[in-house]
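Raw final_18.txt, compact mmCIF, C-alpha atoms:
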# COMPACT_ATOMS: atom_id res chain seq x y z
CA MET J 292 -25.67 7.13 -5.37
CA ASP J 293 -23.74 10.01 -3.83
CA PHE J 294 -20.04 9.92 -4.74
CA SER J 295 -19.10 13.15 -2.96
CA HIS J 296 -16.80 13.03 0.04
CA SER J 297 -18.30 13.49 3.49
CA PRO J 298 -18.17 16.97 5.10
CA THR J 299 -15.55 15.64 7.54
CA ALA J 300 -13.32 14.37 4.72
CA GLN J 301 -13.75 17.58 2.72
CA GLU J 302 -12.86 19.81 5.68
CA LEU J 303 -9.80 17.76 6.62
CA ASN J 304 -8.65 17.55 3.02
CA GLN J 305 -8.84 21.32 2.65
CA ARG J 306 -6.73 21.73 5.77
CA LEU J 307 -4.29 19.08 4.57
CA GLU J 308 -3.98 20.74 1.16
CA ALA J 309 -3.34 24.12 2.80
CA PHE J 310 -0.70 22.58 5.08
CA LEU J 311 1.01 20.90 2.14
CA GLN J 312 1.08 24.13 0.11
CA ARG J 313 2.18 26.33 3.01
CA TYR J 314 4.76 24.12 4.71
CA LEU J 315 5.74 20.99 2.77
CA LEU J 316 6.22 22.20 -0.80
CA PRO J 317 8.56 25.05 0.24
CA TYR J 318 10.69 22.42 2.00
CA ASN J 319 10.69 19.96 -0.92
CA PRO J 320 13.98 21.18 -2.45
CA ALA J 321 15.59 21.16 1.00
CA TRP J 322 14.36 17.59 1.59
CA HIS J 323 15.99 16.37 -1.64
CA HIS J 324 19.17 18.33 -0.96
CA SER J 325 19.43 16.87 2.53
CA VAL J 326 18.90 13.29 1.34
CA GLN J 327 21.43 13.71 -1.49
CA ASN J 328 23.97 14.80 1.11
CA GLY J 329 23.32 11.76 3.29
CA ILE J 330 21.34 13.59 5.97
CA TYR J 331 18.19 11.57 6.53
CA PRO J 332 15.72 12.27 7.89
CA PRO J 333 16.23 16.00 7.32
CA PRO J 334 16.49 17.99 10.57
CA PHE J 335 13.35 20.02 9.84
CA LEU J 336 11.12 16.93 9.60
CA GLU J 337 10.44 16.73 13.35
CA ASP J 338 9.32 20.36 13.40
CA LEU J 339 6.89 19.67 10.56
CA LYS J 340 5.56 16.60 12.39
CA SER J 341 4.98 18.62 15.55
CA LEU J 342 3.17 21.29 13.58
CA ALA J 343 0.97 18.71 11.82
CA ARG J 344 0.03 17.15 15.15
CA GLU J 345 -0.83 20.55 16.62
CA GLU J 346 -3.14 21.21 13.66
CA GLY J 347 -4.98 17.91 14.11
CA LEU J 348 -3.48 16.25 11.02
CA TRP J 349 -2.09 13.19 12.76
CA ASN J 350 -2.80 9.42 12.62
CA LEU J 351 -5.68 9.91 10.20
CA PHE J 352 -5.70 6.36 8.81
CA LEU J 353 -6.92 4.21 11.71
CA PRO J 354 -10.70 3.53 11.93
CA GLY J 355 -10.25 1.88 15.32
CA LEU J 356 -8.29 4.72 16.94
CA LYS J 357 -9.29 5.01 20.60
CA ALA J 358 -10.24 8.20 22.39
CA HIS J 359 -7.07 8.26 24.50
CA GLU J 360 -4.77 7.70 21.49
CA PRO J 361 -3.30 10.63 19.54
CA GLY J 362 -4.85 11.44 16.19
CA THR J 363 -8.15 11.74 14.37
CA ARG J 364 -10.26 8.63 13.85
CA LEU J 365 -11.49 8.26 10.26
CA CYS J 366 -13.09 5.42 8.33
CA ASN J 367 -11.33 4.10 5.23
CA LEU J 368 -13.66 6.03 2.92
CA ASP J 369 -12.97 9.37 4.65
CA TYR J 370 -9.23 8.76 4.75
CA ALA J 371 -9.05 7.92 1.02
CA PRO J 372 -9.02 11.51 -0.34
CA LEU J 373 -6.44 12.48 2.28
CA ALA J 374 -4.17 9.65 1.11
CA GLU J 375 -4.59 10.93 -2.45
CA THR J 376 -3.50 14.41 -1.39
CA MET J 377 -0.51 13.12 0.58
CA GLY J 378 0.54 10.85 -2.28
CA ARG J 379 1.58 13.76 -4.50
CA LEU J 380 4.60 14.34 -2.26
CA PRO J 381 6.15 10.93 -1.54
CA TRP J 382 7.85 11.99 1.69
CA GLY J 383 4.83 13.92 2.95
CA ALA J 384 2.96 11.04 4.63
CA GLU J 385 5.62 10.78 7.35
CA VAL J 386 4.84 14.33 8.44
CA PHE J 387 1.31 13.20 9.35
CA ASN J 388 2.44 9.84 10.81
CA CYS J 389 0.63 8.10 7.96
CA SER J 390 3.58 6.35 6.29
CA ALA J 391 3.66 2.77 5.11
CA PRO J 392 4.62 0.31 6.47
CA ASP J 393 3.89 1.90 9.86
CA THR J 394 0.19 2.26 9.07
CA GLY J 395 -0.23 -1.47 8.49
CA ASN J 396 1.95 -2.37 11.45
CA ILE J 397 0.01 -0.04 13.73
CA GLU J 398 -3.21 -1.67 12.62
CA LEU J 399 -1.77 -5.13 13.37
CA LEU J 400 -0.61 -4.07 16.82
CA HIS J 401 -3.89 -2.29 17.46
CA ARG J 402 -5.82 -5.48 16.77
CA PHE J 403 -3.57 -8.21 18.15
CA ALA J 404 -0.94 -6.82 20.55
CA THR J 405 -0.95 -7.63 24.26
CA PRO J 406 -0.95 -4.68 26.70
CA ALA J 407 2.81 -5.09 27.17
CA GLN J 408 3.44 -5.20 23.42
CA SER J 409 1.25 -2.13 22.96
CA ALA J 410 3.18 -0.19 25.58
CA GLN J 411 6.51 -1.14 24.03
CA TRP J 412 5.68 -0.69 20.34
CA LEU J 413 2.20 0.65 19.56
CA THR J 414 2.37 3.75 21.76
CA PRO J 415 5.69 5.06 20.33
CA LEU J 416 4.49 4.31 16.78
CA LEU J 417 1.31 6.30 17.38
CA GLU J 418 3.40 9.08 18.87
CA GLY J 419 5.67 9.04 15.81
CA THR J 420 8.85 8.65 17.84
CA ILE J 421 9.90 5.40 16.12
CA ARG J 422 9.44 3.71 12.73
CA SER J 423 8.93 0.04 11.86
CA ALA J 424 9.14 -2.50 9.03
CA PHE J 425 7.21 -5.61 7.99
CA ALA J 426 9.55 -8.44 7.01
CA MET J 427 7.80 -10.96 4.78
CA SER J 428 9.28 -11.38 1.26
CA GLU J 429 12.36 -13.55 0.73
CA PRO J 430 14.96 -13.93 -2.05
CA ASP J 431 14.98 -17.72 -2.32
CA VAL J 432 11.27 -18.47 -2.76
CA ALA J 433 8.30 -17.05 -4.68
CA SER J 434 6.94 -14.81 -1.95
CA SER J 435 3.79 -14.16 -4.00
CA ASP J 436 2.67 -17.39 -2.29
CA PRO J 437 3.36 -16.60 1.39
CA THR J 438 3.04 -20.29 2.32
CA ASN J 439 6.42 -20.72 0.58
CA LEU J 440 8.28 -18.61 3.14
CA GLN J 441 11.28 -20.38 4.62
CA THR J 442 12.40 -18.15 7.51
CA THR J 443 11.77 -20.32 10.56
CA VAL J 444 10.81 -19.75 14.17
CA ARG J 445 11.12 -22.36 16.89
CA ARG J 446 10.52 -22.41 20.61
CA ASP J 447 13.52 -22.89 22.86
CA GLY J 448 12.38 -22.77 26.47
CA ASP J 449 10.93 -19.34 27.08
CA GLN J 450 12.51 -17.91 23.92
CA LEU J 451 11.74 -17.82 20.21
CA VAL J 452 14.62 -18.45 17.79
CA ILE J 453 14.43 -17.09 14.24
CA CYS J 454 16.61 -18.02 11.25
CA GLY J 455 16.26 -16.83 7.67
CA ARG J 456 16.75 -14.08 5.13
CA LYS J 457 14.32 -11.34 4.05
CA TRP J 458 14.59 -8.77 1.30
CA PHE J 459 12.92 -5.67 -0.16
CA ILE J 460 11.85 -4.81 3.39
CA THR J 461 10.55 -1.26 3.21
CA GLY J 462 11.58 1.16 5.94
CA ALA J 463 14.34 -0.92 7.50
CA ALA J 464 17.04 1.63 6.60
CA HIS J 465 15.23 4.49 8.30
CA PRO J 466 17.40 5.68 11.21
CA ASN J 467 14.35 5.62 13.49
CA CYS J 468 13.32 2.07 12.58
CA ARG J 469 13.22 0.08 15.82
CA LEU J 470 10.87 -2.82 15.10
CA LEU J 471 10.64 -5.65 12.59
CA ILE J 472 7.42 -7.63 12.41
CA VAL J 473 8.79 -10.87 10.96
CA MET J 474 6.64 -13.50 9.25
CA CYS J 475 8.12 -16.94 9.97
CA ARG J 476 7.37 -20.56 9.24
CA ASN J 477 6.77 -22.55 12.41
CA GLU J 478 9.59 -25.07 12.48
CA GLY J 479 8.25 -28.61 12.26
CA ASP J 480 4.73 -27.54 11.23
CA GLY J 481 4.94 -28.91 7.69
CA ALA J 482 1.77 -29.24 5.62
CA ALA J 483 1.05 -30.52 2.12
CA PRO J 484 0.83 -27.80 -0.58
CA ASP J 485 -2.88 -28.50 -1.08
CA SER J 486 -3.73 -28.84 2.62
CA PRO J 487 -5.86 -26.20 4.33
CA GLN J 488 -3.33 -26.35 7.17
CA ARG J 489 -0.71 -24.65 4.98
CA HIS J 490 -2.29 -21.34 6.00
CA HIS J 491 -1.81 -22.11 9.70
CA GLN J 492 1.92 -22.83 9.83
CA HIS J 493 3.27 -19.28 10.03
CA SER J 494 3.57 -16.83 12.90
CA LEU J 495 4.38 -13.14 13.33
CA VAL J 496 7.17 -12.21 15.73
CA LEU J 497 8.08 -8.77 17.08
CA VAL J 498 11.85 -8.35 16.70
CA PRO J 499 13.73 -5.22 17.82
CA LEU J 500 16.03 -4.20 14.98
CA ASP J 501 19.04 -4.09 17.31
CA THR J 502 18.60 -7.72 18.47
CA PRO J 503 21.84 -9.75 18.17
CA GLY J 504 21.77 -11.79 14.98
CA VAL J 505 19.81 -9.21 12.97
CA ARG J 506 21.91 -7.74 10.16
CA VAL J 507 20.71 -5.23 7.57
CA LEU J 508 22.91 -6.29 4.67
CA ARG J 509 22.04 -3.65 2.08
CA ASN J 510 19.50 -1.13 0.86
CA ILE J 511 18.40 -2.47 -2.54
CA ALA J 512 17.84 0.11 -5.25
CA MET J 513 14.64 -0.23 -7.31
CA LEU J 514 15.33 0.46 -11.00
CA HIS J 515 18.42 2.37 -9.83
CA HIS J 516 16.31 4.54 -7.52
CA HIS J 517 17.73 4.48 -4.01
CA ALA J 518 15.04 5.10 -1.38
CA PRO J 519 16.54 6.62 1.78
CA GLU J 520 14.12 4.73 4.05
CA GLY J 521 15.26 1.54 2.37
CA HIS J 522 14.09 -1.62 0.65
CA CYS J 523 16.49 -3.80 2.56
CA GLU J 524 17.94 -7.28 2.59
CA ILE J 525 18.06 -8.56 6.17
CA LEU J 526 19.80 -11.63 7.58
CA LEU J 527 18.32 -13.23 10.71
CA ARG J 528 20.79 -15.71 12.18
CA ASP J 529 19.80 -17.43 15.43
CA VAL J 530 17.88 -14.34 16.53
CA ARG J 531 16.55 -14.88 20.05
CA VAL J 532 13.63 -12.93 21.48
CA PRO J 533 11.39 -13.61 24.50
CA GLY J 534 8.39 -15.86 23.96
CA GLU J 535 6.20 -12.83 24.71
CA SER J 536 7.34 -11.40 21.36
CA LEU J 537 4.86 -13.62 19.49
CA LEU J 538 2.15 -11.41 18.00
CA GLY J 539 -1.25 -13.09 18.13
CA GLY J 540 -1.46 -16.85 18.18
CA TRP J 541 1.02 -19.51 17.10
CA GLY J 542 0.15 -20.30 13.47
CA ASP J 543 -2.07 -17.23 12.97
CA GLY J 544 0.51 -15.21 11.05
CA PHE J 545 -0.95 -15.77 7.59
CA ALA J 546 -4.45 -14.65 8.58
CA MET J 547 -3.12 -11.60 10.43
CA ALA J 548 -0.92 -10.59 7.48
CA GLN J 549 -3.91 -10.83 5.15
CA ALA J 550 -6.00 -8.67 7.48
CA ARG J 551 -3.25 -6.04 7.38
CA LEU J 552 -3.28 -5.76 3.60
CA GLY J 553 -6.85 -4.54 2.94
CA PRO J 554 -6.68 -0.96 4.28
CA GLY J 555 -3.02 -0.72 3.25
CA ARG J 556 -3.94 -1.32 -0.36
CA ILE J 557 -6.56 1.42 -0.17
CA HIS J 558 -3.82 3.77 1.05
CA HIS J 559 -1.36 2.69 -1.67
CA CYS J 560 -3.95 3.02 -4.42
CA MET J 561 -5.13 6.46 -3.35
CA ARG J 562 -1.55 7.72 -3.08
CA THR J 563 -1.04 6.40 -6.61
CA ILE J 564 -4.10 8.31 -7.81
CA GLY J 565 -2.71 11.48 -6.24
CA GLN J 566 0.56 11.02 -8.13
CA CYS J 567 -1.33 10.35 -11.36
CA GLU J 568 -3.38 13.51 -10.88
CA LEU J 569 -0.18 15.51 -10.44
CA ALA J 570 1.42 13.83 -13.48
CA LEU J 571 -1.63 14.72 -15.61
CA ALA J 572 -1.66 18.31 -14.33
CA LEU J 573 2.03 18.72 -15.17
CA ALA J 574 1.55 17.16 -18.61
CA THR J 575 -1.46 19.26 -19.58
CA GLU J 576 0.26 22.51 -18.63
CA ARG J 577 3.32 21.41 -20.57
CA THR J 578 1.24 20.80 -23.71
CA LEU J 579 -0.14 24.35 -23.52
CA GLU J 580 3.30 26.01 -23.37
CA ARG J 581 5.51 23.73 -25.53
CA GLN J 582 5.60 24.01 -29.32
CA ALA J 583 6.83 21.56 -31.95
CA PHE J 584 6.65 21.99 -35.72
CA GLY J 585 4.77 25.25 -35.41
CA HIS J 586 2.00 24.02 -33.12
CA TYR J 587 1.47 23.64 -29.39
CA LEU J 588 1.60 20.03 -28.26
CA ALA J 589 -2.01 20.41 -27.10
CA ASP J 590 -3.06 20.87 -30.74
CA TYR J 591 -1.99 17.37 -31.77
CA SER J 592 -4.73 14.75 -31.72
CA ASN J 593 -2.55 11.98 -30.29
CA VAL J 594 -1.59 14.20 -27.34
CA GLN J 595 -5.25 15.05 -26.81
CA ASP J 596 -5.97 11.31 -26.77
CA TRP J 597 -3.31 10.81 -24.06
CA ILE J 598 -4.87 13.54 -21.93
CA ALA J 599 -8.39 12.19 -22.34
CA GLU J 600 -7.39 8.58 -21.71
CA SER J 601 -5.50 9.59 -18.56
CA ARG J 602 -8.46 11.55 -17.21
CA ILE J 603 -10.87 8.67 -17.88
CA GLU J 604 -8.58 6.06 -16.34
CA ILE J 605 -7.88 8.14 -13.20
CA ASP J 606 -11.57 8.75 -12.57
CA GLN J 607 -12.42 5.08 -13.15
CA ALA J 608 -9.71 3.97 -10.75
CA ARG J 609 -10.73 6.45 -8.06
CA LEU J 610 -14.34 5.29 -8.10
CA LEU J 611 -13.30 1.64 -7.86
CA VAL J 612 -10.94 2.34 -4.95
CA LEU J 613 -13.53 4.43 -3.09
CA HIS J 614 -16.05 1.65 -3.50
CA ALA J 615 -13.54 -0.84 -2.09
CA ALA J 616 -12.93 1.50 0.87
CA TRP J 617 -16.67 1.74 1.45
CA ARG J 618 -16.99 -2.05 1.39
CA LEU J 619 -14.20 -2.41 3.95
CA ASP J 620 -16.00 0.04 6.21
CA GLN J 621 -19.22 -1.98 6.00
CA GLY J 622 -17.51 -5.03 7.49
CA GLU J 623 -20.18 -7.40 6.21
CA ALA J 624 -19.03 -10.98 6.77
CA ALA J 625 -21.40 -12.25 4.07
CA ASN J 626 -19.63 -10.14 1.45
CA ALA J 627 -16.08 -10.72 2.70
CA GLN J 628 -15.05 -12.72 -0.36
CA ALA J 629 -16.38 -10.08 -2.75
CA THR J 630 -14.56 -7.36 -0.78
CA ARG J 631 -11.28 -9.30 -0.93
CA ALA J 632 -11.72 -9.68 -4.69
CA GLN J 633 -12.29 -5.96 -5.12
CA VAL J 634 -9.29 -5.08 -2.96
CA ALA J 635 -7.23 -7.38 -5.20
CA ALA J 636 -8.69 -5.65 -8.26
CA ILE J 637 -7.76 -2.13 -7.17
CA LYS J 638 -4.15 -3.20 -6.67
CA VAL J 639 -3.96 -4.27 -10.33
CA VAL J 640 -5.81 -1.18 -11.53
CA ALA J 641 -3.60 1.23 -9.57
CA ALA J 642 -0.32 -0.24 -10.80
CA ARG J 643 -1.48 -0.20 -14.42
CA LEU J 644 -2.85 3.30 -14.01
CA GLN J 645 0.37 4.77 -12.67
CA THR J 646 2.67 3.29 -15.29
CA ARG J 647 0.34 4.37 -18.13
CA VAL J 648 -0.47 7.89 -16.95
CA VAL J 649 3.06 8.75 -15.84
CA ASP J 650 4.55 7.24 -19.01
CA ARG J 651 2.36 9.53 -21.14
CA ALA J 652 3.39 12.52 -19.03
CA MET J 653 7.07 11.62 -19.43
CA GLN J 654 6.58 11.44 -23.19
CA VAL J 655 5.06 14.92 -23.18
CA PHE J 656 8.03 16.28 -21.21
CA GLY J 657 10.58 14.58 -23.44
CA ALA J 658 14.08 14.31 -21.98
CA MET J 659 13.11 16.37 -18.93
CA GLY J 660 10.66 13.62 -17.99
CA LEU J 661 13.60 11.25 -17.50
CA SER J 662 15.47 13.68 -15.26
CA PRO J 663 15.12 14.43 -11.54
CA ASP J 664 13.89 17.94 -12.42
CA THR J 665 10.29 16.71 -12.25
CA PRO J 666 8.81 14.00 -9.98
CA LEU J 667 7.76 11.92 -13.01
CA ALA J 668 10.74 9.54 -13.13
CA GLN J 669 10.32 8.70 -9.44
CA PHE J 670 6.57 8.26 -9.90
CA TRP J 671 7.12 5.88 -12.82
CA THR J 672 9.66 3.84 -10.85
CA TRP J 673 7.21 3.48 -7.97
CA GLY J 674 4.40 2.60 -10.35
CA ARG J 675 6.46 -0.15 -11.94
CA ALA J 676 7.31 -1.51 -8.51
CA LEU J 677 3.60 -1.61 -7.65
CA HIS J 678 3.14 -4.34 -10.25
CA LEU J 679 5.08 -6.58 -7.84
CA MET J 680 4.74 -5.06 -4.37
CA ASP J 681 2.10 -6.60 -2.08
CA GLY J 682 1.89 -9.45 -4.57
CA PRO J 683 2.29 -9.41 -8.36
CA ASP J 684 -0.59 -8.45 -10.63
CA GLU J 685 -1.03 -12.06 -11.70
CA VAL J 686 -1.82 -13.20 -8.15
CA HIS J 687 -4.46 -10.52 -7.73
CA LEU J 688 -5.99 -11.31 -11.12
CA ARG J 689 -6.15 -14.95 -10.00
CA SER J 690 -8.04 -13.87 -6.86
CA VAL J 691 -10.56 -11.90 -8.89
CA ALA J 692 -11.02 -14.78 -11.34
CA ARG J 693 -11.52 -17.29 -8.53
CA HIS J 694 -14.27 -15.13 -7.06
CA GLU J 695 -16.00 -14.83 -10.43
CA LEU J 696 -15.78 -18.58 -11.02
CA ALA J 697 -17.17 -19.29 -7.55
CA GLN J 698 -20.09 -17.00 -8.34
CA ALA J 699 -20.62 -18.84 -11.62
CA ARG J 700 -20.66 -22.22 -9.89
CA SER J 701 -23.28 -21.01 -7.42
CA ARG J 702 -25.66 -20.00 -10.22
CA MET J 703 -24.76 -22.81 -12.64
CA GLY J 704 -27.49 -23.29 -15.24
CA GLU J 705 -29.23 -19.95 -14.77
CA SER J 706 -27.68 -18.48 -17.91
CA SER J 707 -29.28 -21.14 -20.11
CA ALA J 708 -32.43 -19.03 -20.21
CA TRP J 709 -30.56 -16.64 -22.49
CA PHE J 710 -29.91 -19.30 -25.13
CA THR J 711 -32.19 -19.67 -28.14
CA THR J 712 -32.72 -23.10 -29.70
CA PRO J 713 -34.16 -23.86 -33.14
CA GLU J 714 -37.19 -25.49 -31.47
CA GLN J 715 -37.96 -22.26 -29.60
CA LEU J 716 -37.82 -20.30 -32.83
CA GLN J 717 -40.33 -22.65 -34.45
CA ALA J 718 -42.76 -22.64 -31.53
CA PRO J 719 -42.62 -19.35 -29.64
CA PRO J 720 -44.70 -19.14 -26.47
CA ARG J 721 -48.21 -17.68 -26.74
CA ILE J 722 -48.92 -14.33 -25.11
CA ARG J 723 -52.14 -14.38 -23.15
Before anything else, please render the file you have as structure tokens.
Amino acid sequence: MDFSHSPTAQELNQRLEAFLQRYLLPYNPAWHHSVQNGIYPPPFLEDLKSLAREEGLWNLFLPGLKAHEPGTRLCNLDYAPLAETMGRLPWGAEVFNCSAPDTGNIELLHRFATPAQSAQWLTPLLEGTIRSAFAMSEPDVASSDPTNLQTTVRRDGDQLVICGRKWFITGAAHPNCRLLIVMCRNEGDGAAPDSPQRHHQHSLVLVPLDTPGVRVLRNIAMLHHHAPEGHCEILLRDVRVPGESLLGGWGDGFAMAQARLGPGRIHHCMRTIGQCELALALATERTLERQAFGHYLADYSNVQDWIAESRIEIDQARLLVLHAAWRLDQGEAANAQATRAQVAAIKVVAARLQTRVVDRAMQVFGAMGLSPDTPLAQFWTWGRALHLMDGPDEVHLRSVARHELAQARSRMGESSAWFTTPEQLQAPPRIR
């Protein structure tokens, strides 16, 4: 098997790396200074976006990008190394119009939007003139099971009326956020918890953020880290939008939301790997220049173990994620269940990877690792959040286990050939 990146991916990644080194890193201190002073997004961001688009580093994430749409069409496997490179600088993806949650929302609109919805929302998102958010999780129910969601939508004449509360909605505090894609329970479409119909009682609704009744209540800090784009709590009280704001079919929201998650998890995981690579690079250089008790940190066997374990775990995770990206690109219906299980697996692997690798790097840096002087504290905070975001680890482990058990049921009895009974020992078969 050939695990090298394609020539297209290699060429684009070299250009992306050069762009990051030449333009983004010099602006990194200015970005943090601007955000700390309440100026977000920084005024230079639009210039960087224009420059990235001129250099062909724009909308790189969408395999279905059409010829008339701005950007470069790449498959999931070719985009993966680019996401890793972008991930090292958390604010960098926006420069290339490759930020979550816009990437997932663009994919949803690309697949399911009507021509009118595309003109209103998809085109400006592809152009990078607006931002968006995906409103699913809620404070009052276990959102790890999306069938629990209580925000309701009902038809009232030619309008849709939404009532509920959402929280930890990424991107909703961005000044350019104009669109919420809201996952709602269809009012009156109740189904038993064990009924197959429970996955057909939710819908997705396109809600402009400035619609009367929509209130962004607060930007919730994660582990005391305040993201300027926001992880927001949003109240939706008798929010009325035209009936044409329904995305896809009535009751198809669950299936559409699941379709959105596959590529998005590839992006998340590869960005995580990029941050882990940077954390390891910082840590290894630190061990070569820092002394304690008369020796460089790199001379201590436990520190060498940390370095080796981090390298092994990063490489293992990358290969698993790239294989998942390849499987998504194949689009084989017969292997859909196996692909879903692997996408669930990489989510668990990436979260564990980031907290372990970054934690070791923080330990190497000592007190500085806890400070904002390095990116490590922010990386660790994000890694810890990944254990819950897009579903907690336990849900994804359950998905993987279910797939394995289903496989076992399909081959039930085949493993008995590996057992050895006393009778077989006494009378072995004759070899002709």
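Using all atoms listed in the file, the nearest neighbour of Leu365 in chain J within the list J:Leu351, J:Val594, J:Leu440, J:Met653 is J:Leu351.
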Counting all atoms listed in the file, what is within 12 Å of Pro683 in chain J, bar same-chain residues fewer than 4 positions away, as JSON, numbers by chain?
-> {"J": [433, 434, 435, 436, 635, 636, 638, 639, 640, 642, 643, 675, 676, 677, 678, 679, 687, 688, 689, 690]}
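Interatomic distance, CA of Arg446 in chain J against CA of Glu398 in chain J: 26.1 Å.
Of the residues under consideration (J:Leu514, J:Leu339, J:Met474, J:Ala391), J:Ala391 shows the shortest atom-to-atom contact distance to Leu416 in chain J when counting all atoms listed in the file.
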Near range 516-532 of chain J, within 6 Å and counting only C-alpha atoms, which residues show up once chain neighbours fewer than 6 positions away are dropped, as a PyMOL selection string?
-> chain J and resi 450-465+504-510
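Taking all atoms listed in the file, the non-local environment of Arg551 in chain J within 8 Å (same-chain residues fewer than 4 positions away omitted) comprises Gly395, Asn396, Glu398, Leu399, Met547 and Gly555 of chain J.
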Contact residues around His401 in chain J with all atoms listed in the file at 9 Å, ignoring same-chain residues under 4 positions, as a PyMOL selection string | chain J and resi 355-356+396-397+409+413
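Taking CA of Ala321 in chain J and CA of Leu573 in chain J as endpoints, the distance between them is 21.2 Å.
If you count only C-alpha atoms and ignore residues fewer than 2 places along the chain from Leu667 in chain J, what sits within 9 Å of it is J:Gln566, J:Ala570, J:Val649, J:Asp650, J:Ala652, J:Met653, J:Gly660, J:Leu661, J:Ser662, J:Pro663, J:Asp664, J:Thr665, J:Gln669, J:Phe670, J:Trp671, J:Thr672.
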Using the selection just defined, write its residues with C-alpha atoms as a PDB file, in the coordinates of the input.
ATOM      1  CA  GLN J 566       0.560  11.020  -8.130  1.00  0.00           C
ATOM      2  CA  ALA J 570       1.420  13.830 -13.480  1.00  0.00           C
ATOM      3  CA  VAL J 649       3.060   8.750 -15.840  1.00  0.00           C
ATOM      4  CA  ASP J 650       4.550   7.240 -19.010  1.00  0.00           C
ATOM      5  CA  ALA J 652       3.390  12.520 -19.030  1.00  0.00           C
ATOM      6  CA  MET J 653       7.070  11.620 -19.430  1.00  0.00           C
ATOM      7  CA  GLY J 660      10.660  13.620 -17.990  1.00  0.00           C
ATOM      8  CA  LEU J 661      13.600  11.250 -17.500  1.00  0.00           C
ATOM      9  CA  SER J 662      15.470  13.680 -15.260  1.00  0.00           C
ATOM     10  CA  PRO J 663      15.120  14.430 -11.540  1.00  0.00           C
ATOM     11  CA  ASP J 664      13.890  17.940 -12.420  1.00  0.00           C
ATOM     12  CA  THR J 665      10.290  16.710 -12.250  1.00  0.00           C
ATOM     13  CA  GLN J 669      10.320   8.700  -9.440  1.00  0.00           C
ATOM     14  CA  PHE J 670       6.570   8.260  -9.900  1.00  0.00           C
ATOM     15  CA  TRP J 671       7.120   5.880 -12.820  1.00  0.00           C
ATOM     16  CA  THR J 672       9.660   3.840 -10.850  1.00  0.00           C
TER      17      THR J 672
END
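Between Gly682 in chain J and the residues J:Met427, J:Val444, J:Leu588, J:Ala583, the shortest atom-to-atom distance, using all atoms listed in the file, involves J:Met427.
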A straight line from CA of Arg562 in chain J to CA of Glu375 in chain J spans 4.5 Å
Among J:Ala309, J:Leu336, J:Met513, J:Val496, Trp322 in chain J is approached most closely, using all atoms listed in the file, by J:Leu336
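Nearest to Pro499 in chain J of all the residues J:Gly329, J:Gly657, J:Gly383, J:Pro533 is J:Pro533, counting only C-alpha atoms.
Residue nearest Ile637 in chain J, chosen from J:Leu716, J:Leu569, J:Val655, J:Met561 and counting all atoms listed in the file: J:Met561.
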